[in-house]
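Chemist: Can you read through this structure? Questions will come right after.
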Amino acid sequence: MSADSALETITARVRSPFEGPNTTGNSNAFWTAFVLAVVGLFLVPAVSPGHVSDLTLFMSYAFLALSLCFIWGYCGILSFGQVAFFGVAGYTFGIVGINVGAETGALLGVVAALFVATLFAAALGYFMFYGGVRDVYVTIMTLVVALVLNTFMGQTAGSEWAIGDARLGGFNGMVGAPNRAIGTGSVAIDMTGDGLYYVVLALLIATYLGLRALVNSRFGYAMVATREDEDRTAMFGYNTKFIKLAVFTFGGTLAGLSGVLFMFWSPGGYINPDVFGITAAAMPVIWASIGGRTSLLGTTTAAVALQYLDQRLAASGSEYALVVIGALLLFVILVMPAGVAPYAERAVDWIRDGVSAKLRGDPESENENAPSNSEVTK
Amino acid sequence: MSVHDSTIKTTAAVDETGAGTNRILQTRGLVKRFGGLTAIDDVDFAVEEGEMRCLIGPNGAGKSTFLKLITGRHAPSDGSVYYDGADITDLDSYERVDQGISIKFQVPSIYPELTVRQNLRVPLQRVASRSEYDERTEATLEQFDLLEEIDTVAANLSHGQQQRLEIGMAMTLEPDLMLLDEPVAGLSIEETEEIAELLVELNDEGVAFVVIEHDIDFVASIADRVTVLHQGEIFTEGSIEDVRADPEVKRIYLGESGEADAEERAGPEADH
Amino acid sequence: MDPYQLLNLLFQFLDSFAVIVLAAVGLAIIFGMMGIINLAHGEFILVGAYATVLSYHRIGLPLVVAMLVGVAITTVYGVVLERLIVRHLYDRLLDSMVATWGISLIMIQGVRILWGNSLDGVGTPFGSVSYGPYSYSTYRLVLAGIAVGVLIGLYVLFARTDFGMRARATIQDKETARSMGVDTDRMYLSTFAIGSALAGLTGALYAPTRSVGPEFGQEYVVEAFVTVVVGGASVIVGTSMAGGLLALVKSGATNQWGQFIGLAAMLVTAIVAIRLMPDGITGLLEDWRRARRESE
């Protein structure tokens with residue numbers, strides 16, 4: 001009995017930074033399922049090697065999904081242009097990598113790509129939020145930025161459009177980013193096949209947990225308050241412009257990370273301006289809308305699931321992938337405006353409550369995941 | 001509650017507020033023009049520490065605009081705002097809140113989608129550490145008679161409860177000066193009395209207030225002094241009895257337009 | 001610069017102005033009156049173009065009649081979508097953007113599945129006017145005339161008719177308008193229908209000027225959005241002023257440095273304009289008017 005409760009105290013303490021009313025899944029059952037899912041994902045290369053490459057790509061996109069979930073779901077900034085940071089990071093990685101070469105090139109490429117994407121987001125965010133641009137105008141502006149980049153990169157076909165050894169290549173794209181390993185000198189990590197899969201998976205888990213901790217922190221509350229009512233929040237002494245700038249900037253970093261991982265996956269280190277196009281720009285919005293924009297896990301799952309669906313449909317020769325995904329989006333917006341995640345959570349609660357009530361014959365034991373701070377702060 | 005002591009402040013504002021005076025808030029020659037028209041015209045206004053001041057005046061007198069100049073929502077066209085010994089004219093809203101000014105808006109402006117507990121957390125985490133949250137949340141809700149609603153989503157509270165929650169949230173920041181824009185609009189007689197008691201209690205603890213209100217009986221029940229604003233200027237200032245008795249004040253309320261007397265009636269009638 | 005070049009520049013300006021105004025005005029009406037940002041606007045233009053080209057080639061209608069058919073079909077299409085989907089999204093601005101984006105994806109791919117990657121072209125009518133060493137397509141000048149005509153027509157509709165009065169009452173305060181006996185539901189439907197018809201008109205008019213494929217609408221949608229956002233909520237004033245500004249930048253830069261720089265200059269101008277006037281040109285005017293009222 002006392003060993004049990006000691007164990008409970010320890011798990012509660014480990015869990016506490018990742019829990020709170022700003023995230024779903026604050027129960028033992030949730031974390032058990034989570035650990036099982038993670039173990040399952042780590043076993044994929046052994047059990048089902050045929051899925052490794054696809055899953056690597058989809059999980060790379062999940063960072064892009066998380067970036068939108070973070071800024072839109074938690075801070076109310078709807079960006080239609082997250083792909084701008086994805087693409088800028090991808091191109092930067094390529095340009096630096098091609099010029100430096102090999103695994104050192106890849107390492108410097110990652111650093112440069114994340115730096116440029118972050119800086120770009122910070123500059124755009126400063127320009128917008130400190131200029132009083134709000135709501136739908138932010139949405140349109142970010143979309144326009146992505147489309148400007150699409151137009152710009154599209155016309156770089158000529159040989160004068162080269163940075164060092166890196167030819168931008170217009171609509172045909174840029175090839176040859178060194179993406180097979182990362183490191184320097186004698187120390188290099190393999191970034192192909194299973195190696196890349198494990199790197200992406202580990203980063204994704206770390207990012208997910210990190211974001212959970214962040215949105216449940218003081219800063220997370222400030223973000224949510226800003227989302228709910230910006231003026232009111234400023235009158236509690238919060239610098240809401242700075243909060244939005246910080247959130248948007250970090251969102252840019254995450255989208256940039258997604259772009260970098262995409263480049264490691266991309267055969268031949270290839271990228272083209274379609275990454276800035278209107279269809280690409282729509283995808284993160286679709287993932288977040290369907291998955292549930294206020295749910296990190298929902299958005300991530302939706303990104304992987306929808307990309308899988310898209311890929312299955314395309315592989316079977318069907319042209320209906322976009323039609324199906326568009327229809328799914330419409331259905332969710334009309335029927336479940338907050339996305340699937342809140343409904344899924346309710347369904348799980350309902351089932352678990354039913355089960356536990358039956359097992360213990362005790363109707364009162366069902367409240368263990370009531371969203372309250374008291375259980376977080378012991 | 002006061003942060004003043006005998007230290008001599010060396011800002012230019014020494015003789016406006018702060019050391020040497022007991023004024024907490026002072027405006028000097030405050031002007032706000034919209035386009036070519038003047039909403040606030042050369043207002044010198046001062047509030048003492050711990051004072052309870054009411055701001056009244058007919059519709060369009062500029063009361064809300066004036067409050068927005070103090071909170072920093074509007075930037076003045078001319079003039080200065082001093083608070084606690086410093087010129088705060090160029091500070092952003094959130095910086096003024098940091099200095100100790102807090103506001104309750106005209107429309108109850110809480111976070112409707114969040115629970116009462118989460119609502120309180122937003123101001124609370126600025127002044128308390130994690131381990132104090134529960135205790136302080138409960139203490140505040142006790143004081144504002146909302147303890148039973150702790151996990152209620154704020155949108156589901158009654159209008160009076162929302163007003164109390166918002167005042168509670170604003171008070172959580174432990175301000176030295178509290179600005180209230182029509183705190184009892186739309187409340188029942190009982191609720192109005194509760195709010196009045198609450199404000200007097202907080203005022204006794206040393207918080208200074210500037211309250212905009214139409215309900216003259218409510219004003220009479222709380223105010224030390226009353227300032228009458230008319231056409232963007234201070235028309236008169238004094239005790240509630242003096243102001244009530246002043247025939248000139250009656251004239252401006254009944255004044256140029258028919259809506260003025262409707263407004264004076266609106267106070268008592270809104271109680272029902 | 002000789003007078004011919006000046007004339008050339010003027011024609012390019014008129015051409016850009018016509019494209020921008022015609023592409024944007026339907027979107028502007030729907031946004032300004034209903035607060036809905038229709039991201040499928042480009043695909044409404046697409047419907048107009050496809051209906052025109054298909055009824056011209058497959059049924060053999062004369063071009064003008066085919067264009068009218070294009071407008072009619074787009075209008076019907078808009079009405080159906082309003083009833084089925086859009087009306088559930090009033091007052092949900094961001095949701096309406098996301099949902100209409102879904103519609104857009106379905107339509108582009110649907111059109112590709114049904115008719116392939118392009119349709120047979122329709123020749124541009126009317127030939128061209130020559131001046132000095134240059135010539136310019138007469139049809140494109142006609143389009144500029146039509147754009148101005150559409151703006152005037154909308155002005156008359158919204159400022160001078162009973163319908164316009166009810167429409168404006170609905171925008172200003174839905175509840176009050178309803179209590180005054182305005183059927184706001186029907187106003188929204190009519191507004192959406194007018195916006196759709198204008199998109200259809202744009203598709204019909206531009207179908208003969210270039211090749212028509214599933215991405216036809218996308219060519220106009222960027223111009224349309226930036227114009228609406230730069231213009232702000234007031235439909236006619238906003239669209240005309242923003243259209244004028246953006247067309248001036250675009251045609252000037254295109255003339256000087258080529259098409260790509262022209263487009264980029266226009267988009268950058270739009271971004272800067274949004275930054276300087278967060279509520280658009282009309283937002284600026286409106287702020288000023290409201291300030292006047294507030295202090296009276």
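Each chain of the structure tokens is named A, B, ... in the order shown, its residues numbered from 1; ligands are numbered from 1 in display order.
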Need the shell around stretch 114-123 of chain B: protein/DNA/RNA residues with any atom at most 7 Å away, counting only C-alpha atoms. Skip same-chain ones fewer than 4 positions apart. Format as a PyMOL selection string?
Modeler: (chain A and resi 221-222+225+236) or (chain B and resi 137+149-154+169+172-173)
Chemist: Emit the selected residues as a PDB file, in the first residue's frame, including N, CA and C atoms.
Modeler:
```
ATOM      1  N   TYR A 221      -0.124  29.977 -19.957  1.00  0.00           N
ATOM      2  CA  TYR A 221      -1.337  30.683 -19.559  1.00  0.00           C
ATOM      3  C   TYR A 221      -1.410  32.053 -20.205  1.00  0.00           C
ATOM      4  N   ALA A 222      -0.266  32.717 -20.270  1.00  0.00           N
ATOM      5  CA  ALA A 222      -0.241  34.034 -20.897  1.00  0.00           C
ATOM      6  C   ALA A 222      -0.640  33.914 -22.370  1.00  0.00           C
ATOM      7  N   ALA A 225      -4.404  33.265 -22.505  1.00  0.00           N
ATOM      8  CA  ALA A 225      -5.121  34.492 -22.170  1.00  0.00           C
ATOM      9  C   ALA A 225      -5.078  35.466 -23.346  1.00  0.00           C
ATOM     10  N   PHE A 236      -3.824  43.127 -17.639  1.00  0.00           N
ATOM     11  CA  PHE A 236      -3.297  42.433 -16.461  1.00  0.00           C
ATOM     12  C   PHE A 236      -1.779  42.554 -16.418  1.00  0.00           C
TER      13      PHE A 236
ATOM     14  N   THR B 137      -6.363  31.621  -4.801  1.00  0.00           N
ATOM     15  CA  THR B 137      -7.577  31.550  -5.609  1.00  0.00           C
ATOM     16  C   THR B 137      -8.789  31.421  -4.691  1.00  0.00           C
ATOM     17  N   GLU B 149     -18.339  28.528  -7.493  1.00  0.00           N
ATOM     18  CA  GLU B 149     -18.280  28.517  -8.958  1.00  0.00           C
ATOM     19  C   GLU B 149     -16.860  28.262  -9.452  1.00  0.00           C
ATOM     20  N   ILE B 150     -15.999  27.771  -8.615  1.00  0.00           N
ATOM     21  CA  ILE B 150     -14.569  27.730  -8.948  1.00  0.00           C
ATOM     22  C   ILE B 150     -14.268  27.000 -10.263  1.00  0.00           C
ATOM     23  N   ASP B 151     -15.010  25.943 -10.553  1.00  0.00           N
ATOM     24  CA  ASP B 151     -14.734  25.229 -11.808  1.00  0.00           C
ATOM     25  C   ASP B 151     -15.798  25.475 -12.876  1.00  0.00           C
ATOM     26  N   THR B 152     -16.599  26.533 -12.680  1.00  0.00           N
ATOM     27  CA  THR B 152     -17.593  26.889 -13.686  1.00  0.00           C
ATOM     28  C   THR B 152     -16.911  27.650 -14.825  1.00  0.00           C
ATOM     29  N   VAL B 153     -17.329  27.353 -16.037  1.00  0.00           N
ATOM     30  CA  VAL B 153     -16.848  28.133 -17.173  1.00  0.00           C
ATOM     31  C   VAL B 153     -17.464  29.527 -17.067  1.00  0.00           C
ATOM     32  N   ALA B 154     -16.633  30.559 -17.205  1.00  0.00           N
ATOM     33  CA  ALA B 154     -17.052  31.916 -16.871  1.00  0.00           C
ATOM     34  C   ALA B 154     -18.267  32.386 -17.668  1.00  0.00           C
ATOM     35  N   MET B 169     -10.438  39.714 -10.323  1.00  0.00           N
ATOM     36  CA  MET B 169      -9.232  39.531 -11.130  1.00  0.00           C
ATOM     37  C   MET B 169      -8.370  40.785 -11.097  1.00  0.00           C
ATOM     38  N   THR B 172      -6.620  41.136  -7.802  1.00  0.00           N
ATOM     39  CA  THR B 172      -5.559  40.153  -7.561  1.00  0.00           C
ATOM     40  C   THR B 172      -4.173  40.763  -7.771  1.00  0.00           C
ATOM     41  N   LEU B 173      -4.103  41.709  -8.694  1.00  0.00           N
ATOM     42  CA  LEU B 173      -2.814  42.336  -8.979  1.00  0.00           C
ATOM     43  C   LEU B 173      -2.349  43.256  -7.853  1.00  0.00           C
TER      44      LEU B 173
END
```
Chemist: List every residue of chain A that has an atom at most 7 Å from any atom of chain B, and for each one report the closest atom pair and its distance in Å to one decimal, counting only C-alpha atoms, with rows sorted by chain and then by increasing residue number, as a Markdown table.
Modeler:
```
| residue | atom | partner | partner_atom | distance |
| --- | --- | --- | --- | --- |
| A:Arg218 | CA | B:Gln125 | CA | 6.7 |
| A:Tyr221 | CA | B:Val122 | CA | 6.5 |
| A:Ala222 | CA | B:Val122 | CA | 6.7 |
| A:Ala225 | CA | B:Val122 | CA | 6.9 |
| A:Glu228 | CA | B:Tyr111 | CA | 6.1 |
| A:Asp229 | CA | B:Tyr111 | CA | 6.8 |
| A:Arg232 | CA | B:Ser109 | CA | 6.7 |
| A:Ala234 | CA | B:Tyr94 | CA | 5.1 |
| A:Met235 | CA | B:Tyr94 | CA | 5.8 |
| A:Phe236 | CA | B:Pro123 | CA | 5.8 |
| A:Gly237 | CA | B:Tyr94 | CA | 3.9 |
| A:Tyr238 | CA | B:Tyr94 | CA | 5.5 |
| A:Asn239 | CA | B:Tyr94 | CA | 5.7 |
| A:Ser374 | CA | B:Asp134 | CA | 6.7 |
| A:Thr377 | CA | B:Ser131 | CA | 6.5 |
```
Chemist: Any idea what's packed within 12 Å of C:Trp101, counting only C-alpha atoms, ignoring anything in its chain fewer than 5 positions away? Could you give it as JSON, numbers by chain?
Modeler: {"A": [80, 278, 279, 280, 281, 282, 283, 285, 286, 289, 322, 323, 325, 326, 327, 328, 329, 330, 333], "C": [37, 38, 39, 40, 41, 42, 43, 86, 94, 95, 96, 106, 107, 108, 218, 221]}
Chemist: Given only C-alpha atoms, how would the per-residue table for chain C near chain A read, listing every residue at most 6 Å away with its closest atom pair and distance in Å to one decimal, sorted by chain and number, as CSV?
Modeler:
```
residue,atom,partner,partner_atom,distance
C:Ala99,CA,A:Leu330,CA,5.4
C:Gly102,CA,A:Gly326,CA,4.3
C:Leu105,CA,A:Gly326,CA,5.8
C:Ile106,CA,A:Val323,CA,4.3
C:Arg275,CA,A:Gly131,CA,5.7
C:Pro278,CA,A:Val133,CA,5.1
```
Chemist: Using DSSP secondary structure from the backbone, list all strand (DSSP E) positions within stretch 45-244 of chain C, as a PyMOL selection string.
Modeler: chain C and resi 128-131+134-137
